[in-house]
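Student: As input, take target31.pdb (PDB, C-alpha atoms, pLDDT in the B column):
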ATOM      1  CA  MET A  17      -1.686 -84.335  79.951  1.00 87.00           C
ATOM      2  CA  GLU A  18      -2.376 -86.292  83.141  1.00 92.00           C
ATOM      3  CA  LYS A  19      -0.685 -85.041  86.292  1.00 94.00           C
ATOM      4  CA  SER A  20       0.955 -88.449  86.765  1.00 95.00           C
ATOM      5  CA  GLU A  21       2.424 -88.205  83.282  1.00 96.00           C
ATOM      6  CA  ILE A  22       3.873 -84.744  84.034  1.00 97.00           C
ATOM      7  CA  PHE A  23       5.263 -86.107  87.306  1.00 98.00           C
ATOM      8  CA  GLU A  24       7.000 -88.968  85.506  1.00 97.00           C
ATOM      9  CA  LYS A  25       8.516 -86.643  82.905  1.00 98.00           C
ATOM     10  CA  VAL A  26       9.698 -84.228  85.612  1.00 98.00           C
ATOM     11  CA  VAL A  27      11.393 -87.041  87.519  1.00 98.00           C
ATOM     12  CA  LYS A  28      13.005 -88.298  84.316  1.00 98.00           C
ATOM     13  CA  ILE A  29      14.431 -84.829  83.586  1.00 98.00           C
ATOM     14  CA  LEU A  30      15.716 -84.469  87.159  1.00 98.00           C
ATOM     15  CA  THR A  31      17.285 -87.935  87.313  1.00 98.00           C
ATOM     16  CA  PRO A  32      20.687 -87.184  85.694  1.00 97.00           C
ATOM     17  CA  TYR A  33      21.248 -84.396  88.244  1.00 98.00           C
ATOM     18  CA  VAL A  34      20.137 -86.347  91.328  1.00 98.00           C
ATOM     19  CA  LYS A  35      22.868 -87.126  93.879  1.00 97.00           C
ATOM     20  CA  SER A  36      20.710 -89.133  96.296  1.00 96.00           C
ATOM     21  CA  GLN A  37      19.581 -92.380  94.682  1.00 95.00           C
ATOM     22  CA  GLU A  38      17.765 -93.269  97.897  1.00 96.00           C
ATOM     23  CA  ALA A  39      15.571 -90.166  97.694  1.00 96.00           C
ATOM     24  CA  LEU A  40      14.999 -90.837  93.996  1.00 97.00           C
ATOM     25  CA  GLU A  41      13.722 -94.345  94.703  1.00 97.00           C
ATOM     26  CA  GLY A  42      11.105 -92.965  97.108  1.00 97.00           C
ATOM     27  CA  VAL A  43      10.339 -89.823  95.087  1.00 97.00           C
ATOM     28  CA  SER A  44       6.939 -88.213  95.657  1.00 98.00           C
ATOM     29  CA  PRO A  45       5.408 -84.773  95.024  1.00 97.00           C
ATOM     30  CA  GLU A  46       6.637 -83.747  98.489  1.00 98.00           C
ATOM     31  CA  THR A  47      10.270 -84.599  97.687  1.00 98.00           C
ATOM     32  CA  HIS A  48      12.448 -81.480  97.908  1.00 97.00           C
ATOM     33  CA  ILE A  49      14.565 -81.037  94.768  1.00 98.00           C
ATOM     34  CA  LEU A  50      17.614 -79.485  96.444  1.00 97.00           C
ATOM     35  CA  ASP A  51      17.407 -80.803 100.013  1.00 97.00           C
ATOM     36  CA  ASP A  52      16.222 -84.378  99.340  1.00 98.00           C
ATOM     37  CA  LEU A  53      17.353 -85.196  95.813  1.00 98.00           C
ATOM     38  CA  LYS A  54      20.553 -83.181  96.417  1.00 98.00           C
ATOM     39  CA  VAL A  55      20.410 -81.561  93.006  1.00 97.00           C
ATOM     40  CA  ASN A  56      23.110 -78.849  92.780  1.00 96.00           C
ATOM     41  CA  SER A  57      21.351 -75.443  92.831  1.00 94.00           C
ATOM     42  CA  ALA A  58      23.411 -74.342  89.805  1.00 94.00           C
ATOM     43  CA  ARG A  59      21.655 -77.124  87.849  1.00 96.00           C
ATOM     44  CA  LEU A  60      18.209 -75.580  88.330  1.00 94.00           C
ATOM     45  CA  VAL A  61      18.689 -73.467  85.207  1.00 95.00           C
ATOM     46  CA  ASP A  62      19.551 -76.603  83.215  1.00 97.00           C
ATOM     47  CA  VAL A  63      16.467 -78.350  84.589  1.00 97.00           C
ATOM     48  CA  VAL A  64      14.137 -75.437  83.833  1.00 97.00           C
ATOM     49  CA  LEU A  65      15.428 -75.216  80.245  1.00 97.00           C
ATOM     50  CA  GLU A  66      14.719 -78.919  79.835  1.00 97.00           C
ATOM     51  CA  PHE A  67      11.199 -78.470  81.261  1.00 97.00           C
ATOM     52  CA  GLU A  68      10.601 -75.717  78.707  1.00 97.00           C
ATOM     53  CA  ASP A  69      11.744 -77.916  75.823  1.00 97.00           C
ATOM     54  CA  ALA A  70       9.984 -81.060  76.986  1.00 97.00           C
ATOM     55  CA  PHE A  71       6.612 -79.385  77.633  1.00 97.00           C
ATOM     56  CA  ASP A  72       6.905 -76.590  75.045  1.00 97.00           C
ATOM     57  CA  ILE A  73       6.310 -73.858  77.627  1.00 97.00           C
ATOM     58  CA  GLU A  74       8.046 -70.748  78.930  1.00 96.00           C
ATOM     59  CA  ILE A  75       8.828 -70.464  82.610  1.00 96.00           C
ATOM     60  CA  ASP A  76       9.476 -67.029  84.146  1.00 94.00           C
ATOM     61  CA  ASP A  77      12.450 -66.646  86.455  1.00 90.00           C
ATOM     62  CA  ASP A  78      10.086 -65.464  89.209  1.00 91.00           C
ATOM     63  CA  ASP A  79       8.140 -68.728  88.927  1.00 93.00           C
ATOM     64  CA  VAL A  80      11.354 -70.732  89.208  1.00 92.00           C
ATOM     65  CA  ASP A  81      11.990 -69.169  92.630  1.00 91.00           C
ATOM     66  CA  LYS A  82       8.749 -70.709  93.921  1.00 92.00           C
ATOM     67  CA  VAL A  83       9.702 -74.261  92.944  1.00 95.00           C
ATOM     68  CA  GLU A  84      11.068 -76.242  95.865  1.00 97.00           C
ATOM     69  CA  THR A  85       9.502 -79.699  95.584  1.00 98.00           C
ATOM     70  CA  VAL A  86       8.867 -82.047  92.674  1.00 98.00           C
ATOM     71  CA  GLY A  87       5.148 -81.343  93.211  1.00 98.00           C
ATOM     72  CA  ASN A  88       5.738 -77.574  92.883  1.00 97.00           C
ATOM     73  CA  ALA A  89       7.376 -78.187  89.504  1.00 97.00           C
ATOM     74  CA  VAL A  90       4.536 -80.444  88.352  1.00 97.00           C
ATOM     75  CA  GLU A  91       1.917 -77.854  89.353  1.00 96.00           C
ATOM     76  CA  LEU A  92       3.777 -75.024  87.657  1.00 96.00           C
ATOM     77  CA  ILE A  93       4.078 -77.026  84.442  1.00 97.00           C
ATOM     78  CA  GLU A  94       0.435 -78.121  84.629  1.00 96.00           C
ATOM     79  CA  ALA A  95      -0.647 -74.467  84.961  1.00 95.00           C
ATOM     80  CA  LYS A  96       1.512 -73.439  81.993  1.00 94.00           C
ATOM     81  CA  ILE A  97       0.211 -76.223  79.764  1.00 93.00           C
ATOM     82  CA  GLY A  98      -3.295 -74.970  80.649  1.00 78.00           C
TER      83      GLY A  98
ATOM     84  CA  MET B  28      28.302 -50.143  85.430  1.00 46.00           C
ATOM     85  CA  SER B  29      24.947 -51.476  84.256  1.00 57.00           C
ATOM     86  CA  GLY B  30      23.071 -51.830  80.992  1.00 83.00           C
ATOM     87  CA  VAL B  31      26.249 -50.913  79.136  1.00 91.00           C
ATOM     88  CA  ILE B  32      28.187 -52.388  76.229  1.00 94.00           C
ATOM     89  CA  LEU B  33      31.705 -53.057  77.450  1.00 95.00           C
ATOM     90  CA  THR B  34      34.644 -52.960  75.048  1.00 97.00           C
ATOM     91  CA  PRO B  35      36.946 -55.994  74.820  1.00 98.00           C
ATOM     92  CA  LYS B  36      39.579 -53.948  76.682  1.00 98.00           C
ATOM     93  CA  GLN B  37      37.163 -53.123  79.516  1.00 96.00           C
ATOM     94  CA  VAL B  38      36.163 -56.781  79.821  1.00 97.00           C
ATOM     95  CA  LEU B  39      39.825 -57.820  79.876  1.00 97.00           C
ATOM     96  CA  ASP B  40      40.494 -55.364  82.708  1.00 97.00           C
ATOM     97  CA  LEU B  41      37.537 -56.722  84.693  1.00 95.00           C
ATOM     98  CA  ILE B  42      38.664 -60.369  84.616  1.00 96.00           C
ATOM     99  CA  PRO B  43      39.648 -61.002  88.242  1.00 96.00           C
ATOM    100  CA  GLN B  44      42.103 -63.847  87.604  1.00 96.00           C
ATOM    101  CA  GLN B  45      45.677 -62.562  87.590  1.00 97.00           C
ATOM    102  CA  ASP B  46      49.182 -63.929  87.182  1.00 96.00           C
ATOM    103  CA  PRO B  47      50.084 -66.742  87.811  1.00 96.00           C
ATOM    104  CA  PHE B  48      46.530 -67.934  87.175  1.00 97.00           C
ATOM    105  CA  ARG B  49      45.587 -65.749  84.243  1.00 98.00           C
ATOM    106  CA  PHE B  50      45.157 -67.637  80.967  1.00 98.00           C
ATOM    107  CA  VAL B  51      43.859 -64.984  78.578  1.00 98.00           C
ATOM    108  CA  ASP B  52      46.071 -62.262  77.052  1.00 98.00           C
ATOM    109  CA  ASP B  53      43.643 -60.551  74.754  1.00 98.00           C
ATOM    110  CA  ILE B  54      40.060 -60.544  73.510  1.00 98.00           C
ATOM    111  CA  VAL B  55      39.886 -60.127  69.749  1.00 98.00           C
ATOM    112  CA  GLU B  56      36.157 -60.601  69.107  1.00 98.00           C
ATOM    113  CA  LEU B  57      33.209 -60.038  71.417  1.00 98.00           C
ATOM    114  CA  ASP B  58      29.468 -59.751  71.046  1.00 97.00           C
ATOM    115  CA  GLU B  59      26.371 -61.101  72.787  1.00 96.00           C
ATOM    116  CA  ASP B  60      26.683 -64.508  71.140  1.00 98.00           C
ATOM    117  CA  HIS B  61      30.392 -65.196  71.013  1.00 98.00           C
ATOM    118  CA  ILE B  62      33.883 -64.315  72.109  1.00 98.00           C
ATOM    119  CA  VAL B  63      37.373 -65.012  70.784  1.00 98.00           C
ATOM    120  CA  GLY B  64      40.363 -64.796  73.102  1.00 98.00           C
ATOM    121  CA  VAL B  65      44.055 -65.559  72.732  1.00 98.00           C
ATOM    122  CA  TYR B  66      46.721 -66.720  75.121  1.00 98.00           C
ATOM    123  CA  ARG B  67      50.370 -67.698  74.856  1.00 98.00           C
ATOM    124  CA  PHE B  68      51.451 -70.305  77.392  1.00 98.00           C
ATOM    125  CA  ARG B  69      54.562 -68.986  79.170  1.00 98.00           C
ATOM    126  CA  PRO B  70      57.399 -71.533  79.122  1.00 97.00           C
ATOM    127  CA  GLU B  71      58.426 -70.274  82.592  1.00 97.00           C
ATOM    128  CA  ALA B  72      55.061 -71.234  84.172  1.00 97.00           C
ATOM    129  CA  ASP B  73      55.714 -73.153  87.380  1.00 96.00           C
ATOM    130  CA  PHE B  74      53.443 -76.123  86.592  1.00 97.00           C
ATOM    131  CA  TYR B  75      55.716 -77.254  83.750  1.00 98.00           C
ATOM    132  CA  ARG B  76      58.343 -78.232  86.335  1.00 97.00           C
ATOM    133  CA  GLY B  77      56.128 -81.059  87.516  1.00 98.00           C
ATOM    134  CA  HIS B  78      53.935 -81.743  84.470  1.00 98.00           C
ATOM    135  CA  PHE B  79      56.200 -83.424  83.534  1.00 97.00           C
ATOM    136  CA  PRO B  80      59.850 -83.308  84.661  1.00 97.00           C
ATOM    137  CA  GLY B  81      61.916 -83.143  81.477  1.00 96.00           C
ATOM    138  CA  ASN B  82      58.801 -83.279  79.322  1.00 97.00           C
ATOM    139  CA  PRO B  83      56.711 -80.114  79.848  1.00 98.00           C
ATOM    140  CA  VAL B  84      53.128 -80.345  78.562  1.00 98.00           C
ATOM    141  CA  THR B  85      50.320 -77.948  79.474  1.00 98.00           C
ATOM    142  CA  PRO B  86      47.942 -79.706  81.894  1.00 98.00           C
ATOM    143  CA  GLY B  87      44.401 -80.343  80.620  1.00 98.00           C
ATOM    144  CA  VAL B  88      42.916 -78.658  83.679  1.00 98.00           C
ATOM    145  CA  ILE B  89      44.805 -75.483  82.776  1.00 98.00           C
ATOM    146  CA  LEU B  90      43.373 -75.657  79.247  1.00 98.00           C
ATOM    147  CA  ILE B  91      39.886 -75.967  80.761  1.00 98.00           C
ATOM    148  CA  GLU B  92      40.626 -72.967  82.974  1.00 98.00           C
ATOM    149  CA  SER B  93      41.595 -70.985  79.877  1.00 98.00           C
ATOM    150  CA  LEU B  94      38.343 -72.001  78.142  1.00 98.00           C
ATOM    151  CA  ALA B  95      36.474 -70.912  81.267  1.00 98.00           C
ATOM    152  CA  GLN B  96      38.231 -67.570  81.659  1.00 98.00           C
ATOM    153  CA  VAL B  97      37.300 -66.660  78.087  1.00 98.00           C
ATOM    154  CA  GLY B  98      33.998 -68.490  77.618  1.00 98.00           C
ATOM    155  CA  ILE B  99      32.452 -67.948  81.039  1.00 98.00           C
ATOM    156  CA  VAL B 100      34.240 -65.165  82.928  1.00 98.00           C
ATOM    157  CA  ALA B 101      34.911 -62.726  80.073  1.00 98.00           C
ATOM    158  CA  LEU B 102      31.754 -63.409  78.057  1.00 98.00           C
ATOM    159  CA  GLY B 103      29.783 -63.528  81.313  1.00 96.00           C
ATOM    160  CA  LEU B 104      31.032 -60.088  82.396  1.00 96.00           C
ATOM    161  CA  TYR B 105      30.052 -58.680  79.011  1.00 96.00           C
ATOM    162  CA  LEU B 106      26.573 -60.245  79.125  1.00 95.00           C
ATOM    163  CA  LEU B 107      25.947 -59.256  82.746  1.00 93.00           C
ATOM    164  CA  ALA B 108      26.913 -55.645  82.053  1.00 93.00           C
ATOM    165  CA  ARG B 109      24.796 -55.607  78.912  1.00 92.00           C
ATOM    166  CA  GLU B 110      21.665 -57.354  80.089  1.00 85.00           C
ATOM    167  CA  SER B 111      21.323 -56.758  83.786  1.00 73.00           C
ATOM    168  CA  LYS B 112      21.130 -53.946  86.252  1.00 74.00           C
ATOM    169  CA  ASP B 113      23.734 -55.614  88.438  1.00 75.00           C
ATOM    170  CA  ASP B 114      27.054 -53.934  89.076  1.00 84.00           C
ATOM    171  CA  VAL B 115      29.465 -56.389  87.452  1.00 87.00           C
ATOM    172  CA  THR B 116      32.290 -55.342  89.761  1.00 88.00           C
ATOM    173  CA  LYS B 117      30.253 -56.759  92.679  1.00 90.00           C
ATOM    174  CA  ILE B 118      29.748 -60.154  91.046  1.00 90.00           C
ATOM    175  CA  MET B 119      32.136 -63.068  90.955  1.00 93.00           C
ATOM    176  CA  THR B 120      31.894 -66.023  88.616  1.00 94.00           C
ATOM    177  CA  LEU B 121      31.705 -69.547  89.968  1.00 96.00           C
ATOM    178  CA  PHE B 122      32.650 -72.415  87.698  1.00 97.00           C
ATOM    179  CA  THR B 123      29.655 -74.775  87.873  1.00 97.00           C
ATOM    180  CA  ASP B 124      30.132 -77.582  85.352  1.00 97.00           C
ATOM    181  CA  THR B 125      32.053 -78.666  82.307  1.00 98.00           C
ATOM    182  CA  ASP B 126      32.261 -81.370  79.672  1.00 98.00           C
ATOM    183  CA  VAL B 127      35.454 -81.117  77.661  1.00 98.00           C
ATOM    184  CA  GLU B 128      37.246 -83.483  75.304  1.00 98.00           C
ATOM    185  CA  PHE B 129      40.954 -83.243  74.503  1.00 98.00           C
ATOM    186  CA  SER B 130      42.353 -83.812  71.041  1.00 98.00           C
ATOM    187  CA  GLY B 131      45.819 -82.278  71.040  1.00 97.00           C
ATOM    188  CA  ILE B 132      48.799 -81.162  73.071  1.00 98.00           C
ATOM    189  CA  VAL B 133      49.777 -77.620  74.022  1.00 98.00           C
ATOM    190  CA  ASN B 134      53.516 -77.172  74.456  1.00 98.00           C
ATOM    191  CA  PRO B 135      55.208 -74.412  76.460  1.00 98.00           C
ATOM    192  CA  GLY B 136      55.295 -71.248  74.333  1.00 98.00           C
ATOM    193  CA  ASP B 137      52.342 -72.246  72.140  1.00 98.00           C
ATOM    194  CA  ARG B 138      49.812 -69.571  71.327  1.00 98.00           C
ATOM    195  CA  VAL B 139      46.169 -70.656  71.400  1.00 98.00           C
ATOM    196  CA  THR B 140      42.927 -69.115  70.223  1.00 98.00           C
ATOM    197  CA  ILE B 141      39.815 -69.777  72.291  1.00 98.00           C
ATOM    198  CA  THR B 142      36.447 -69.388  70.610  1.00 98.00           C
ATOM    199  CA  ALA B 143      33.284 -69.643  72.696  1.00 98.00           C
ATOM    200  CA  GLU B 144      29.652 -69.436  71.682  1.00 98.00           C
ATOM    201  CA  LYS B 145      26.840 -68.801  74.111  1.00 98.00           C
ATOM    202  CA  VAL B 146      24.509 -71.784  74.584  1.00 98.00           C
ATOM    203  CA  PHE B 147      22.323 -70.011  77.153  1.00 97.00           C
ATOM    204  CA  PHE B 148      22.519 -67.160  79.621  1.00 96.00           C
ATOM    205  CA  ARG B 149      19.793 -67.249  82.234  1.00 94.00           C
ATOM    206  CA  ARG B 150      19.469 -66.376  85.903  1.00 91.00           C
ATOM    207  CA  ARG B 151      23.131 -65.317  85.752  1.00 92.00           C
ATOM    208  CA  LYS B 152      24.148 -68.796  84.601  1.00 96.00           C
ATOM    209  CA  LEU B 153      26.104 -68.951  81.363  1.00 98.00           C
ATOM    210  CA  ARG B 154      26.926 -72.031  79.351  1.00 98.00           C
ATOM    211  CA  SER B 155      29.264 -71.734  76.379  1.00 98.00           C
ATOM    212  CA  ARG B 156      30.412 -74.157  73.734  1.00 98.00           C
ATOM    213  CA  ALA B 157      34.140 -73.549  73.589  1.00 98.00           C
ATOM    214  CA  GLU B 158      37.049 -74.650  71.464  1.00 98.00           C
ATOM    215  CA  MET B 159      40.801 -74.074  71.680  1.00 98.00           C
ATOM    216  CA  LYS B 160      43.007 -74.109  68.604  1.00 98.00           C
ATOM    217  CA  LEU B 161      46.724 -73.830  67.997  1.00 98.00           C
ATOM    218  CA  ASP B 162      47.986 -71.352  65.379  1.00 98.00           C
ATOM    219  CA  ASP B 163      48.255 -74.203  62.832  1.00 97.00           C
ATOM    220  CA  GLY B 164      44.526 -74.873  63.243  1.00 97.00           C
ATOM    221  CA  THR B 165      44.810 -77.999  65.384  1.00 98.00           C
ATOM    222  CA  VAL B 166      41.890 -78.269  67.809  1.00 98.00           C
ATOM    223  CA  VAL B 167      43.363 -79.155  71.202  1.00 98.00           C
ATOM    224  CA  CYS B 168      40.164 -79.242  73.234  1.00 98.00           C
ATOM    225  CA  SER B 169      36.475 -78.540  72.892  1.00 98.00           C
ATOM    226  CA  GLY B 170      33.268 -78.889  74.842  1.00 98.00           C
ATOM    227  CA  THR B 171      31.047 -76.918  77.169  1.00 98.00           C
ATOM    228  CA  VAL B 172      31.904 -74.788  80.177  1.00 98.00           C
ATOM    229  CA  SER B 173      29.334 -73.225  82.498  1.00 98.00           C
ATOM    230  CA  GLY B 174      29.458 -70.752  85.317  1.00 98.00           C
ATOM    231  CA  MET B 175      27.239 -68.625  87.471  1.00 96.00           C
ATOM    232  CA  GLY B 176      27.555 -65.079  88.673  1.00 93.00           C
ATOM    233  CA  ILE B 177      27.063 -64.585  92.397  1.00 92.00           C
ATOM    234  CA  PHE B 178      27.299 -61.479  94.545  1.00 90.00           C
ATOM    235  CA  LYS B 179      30.559 -61.301  96.461  1.00 86.00           C
TER     236      LYS B 179
END
Would you mind writing the file out in structure tokens?
Tutor:
Amino acid sequence: MEKSEIFEKVVKILTPYVKSQEALEGVSPETHILDDLKVNSARLVDVVLEFEDAFDIEIDDDDVDKVETVGNAVELIEAKIG
Amino acid sequence: MSGVILTPKQVLDLIPQQDPFRFVDDIVELDEDHIVGVYRFRPEADFYRGHFPGNPVTPGVILIESLAQVGIVALGLYLLARESKDDVTKIMTLFTDTDVEFSGIVNPGDRVTITAEKVFFRRRKLRSRAEMKLDDGTVVCSGTVSGMGIFK
């Protein structure tokens, strides 16, 4: 799967939880999921479960702690897909 | 208290919500996947005076709170004690999100049964699919409730 395709899917999964439409319109790999998109931190579990379903992967809780930006999520997923 | 299987009675005693904001009397079934709790709405509860004057009906938000106390707080305490090394007495449950539909009315004095099934429990976040029924079987509300355990 192309990185751009993963990025698009990640953004699509995040979208329902995004509180800042402005940040969503200018979303890039550097966009911070909590600070910029204003996703509620309690929603991270929901998001990770959706990543697992959408990409058919398993994400360790320790890996989740390292994800801060959209790009971090894309890279983690890319590594898991292999 | 860690890595232990709590009894329904122990879980009941650990629920921090107390009168006048306690909406679970007893836990009648409990395992890692589901919980069943019961509560009888006290006709003397203060909120009936205003909701509504002369026509007391249990507020929907109170029904959601009851779903949450059974489906998130009680089941969450059980799961935390069972699956984690955390001391459950040092953790409090935050209500994080809900999606509930109402389909009936709960009058003062009605007894309800709340059944909740675990949807997921991860990173101390629990989501349950919960349903409240009257004794005659009428479903009064159903949906999902979620909460997260945080250290006090």
Student: Pull out every residue that the PyMOL selection byres ((chain A and resi 22) around 9) matches in the shown coordinates and put them as an MDAnalysis selection string.
Tutor: chainID A and resid 17:21 23:27 71 90:91 93:94
Student: Determine the residue set returned by the PyMOL selection byres ((chain A) within 9 of (chain B)) for the present structure, and present it as an NGL selection string.
Tutor: :A and (58-59 or 61 or 77)
Student: Those selected residues, please, written with C-alpha atoms and delivered as a PDB file, keeping the file's coordinate frame.
Tutor:
ATOM      1  CA  ALA A  58      23.411 -74.342  89.805  1.00 94.00           C
ATOM      2  CA  ARG A  59      21.655 -77.124  87.849  1.00 96.00           C
ATOM      3  CA  VAL A  61      18.689 -73.467  85.207  1.00 95.00           C
ATOM      4  CA  ASP A  77      12.450 -66.646  86.455  1.00 90.00           C
TER       5      ASP A  77
END
Student: To verify the selection step, state as JSON, numbers by chain which residues the PyMOL selection byres ((chain A and resi 55) around 10) yields on this input.
Tutor: {"A": [30, 31, 32, 33, 34, 35, 36, 48, 49, 50, 51, 52, 53, 54, 56, 57, 58, 59, 60, 63]}
Student: Could you check how far atom CA of Ser44 of chain A sits from atom CA of Glu84 of chain A, in Å to one decimal?
Tutor: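 It comes out at 12.7 Å.
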Student: What is the atom CA of Arg67 of chain B to atom CA of Asp52 of chain B distance in Å?
Tutor: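 Answer for the atom CA of Arg67 of chain B to atom CA of Asp52 of chain B separation: 7.3 Å.
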Student: What lies within 10 Å of Met119 of chain B using all atoms listed in the file, ignoring chain neighbours under 5 positions off, as number ranges by chain?
Tutor: B: 42-43, 100, 103-104, 174-179
Student: Go ahead and fit an axis-aligned box to every listed atom of segment 91-109 of chain B plus 8 Å each side, and pass me the centre and edge lengths in Å, one decimal, as AutoDock Vina command-line options.
Tutor:
--center_x 33.2 --center_y -65.8 --center_z 80.3 --size_x 32.8 --size_y 36.4 --size_z 21.4
Student: Could you name the residues that touch segment 83-85 of chain B at 9 Å or less, counting only C-alpha atoms, but leaving out those on the same chain fewer than 2 positions away, as a compact mmCIF listing (two decimals) with C-alpha atoms, in the frame of the given file?
Tutor:
# COMPACT_ATOMS: atom_id res chain seq x y z
CA PHE B 68 51.45 -70.31 77.39
CA PRO B 70 57.40 -71.53 79.12
CA PHE B 74 53.44 -76.12 86.59
CA TYR B 75 55.72 -77.25 83.75
CA ARG B 76 58.34 -78.23 86.34
CA GLY B 77 56.13 -81.06 87.52
CA HIS B 78 53.94 -81.74 84.47
CA PHE B 79 56.20 -83.42 83.53
CA PRO B 80 59.85 -83.31 84.66
CA GLY B 81 61.92 -83.14 81.48
CA GLY B 87 44.40 -80.34 80.62
CA VAL B 88 42.92 -78.66 83.68
CA ILE B 89 44.80 -75.48 82.78
CA LEU B 90 43.37 -75.66 79.25
CA ILE B 132 48.80 -81.16 73.07
CA VAL B 133 49.78 -77.62 74.02
CA ASN B 134 53.52 -77.17 74.46
CA PRO B 135 55.21 -74.41 76.46
Student: In Å, with one decimal, what is the gap from atom CA of Asp76 of chain A to atom CA of Ile97 of chain A?
Tutor: 13.8 Å
Student: In terms of the shortest atom-to-atom distance over all atoms listed in the file, which of A:Glu46, A:Asp69, A:Glu41, A:Asp62 is closest to Val146 of chain B?
Tutor: A:Asp62
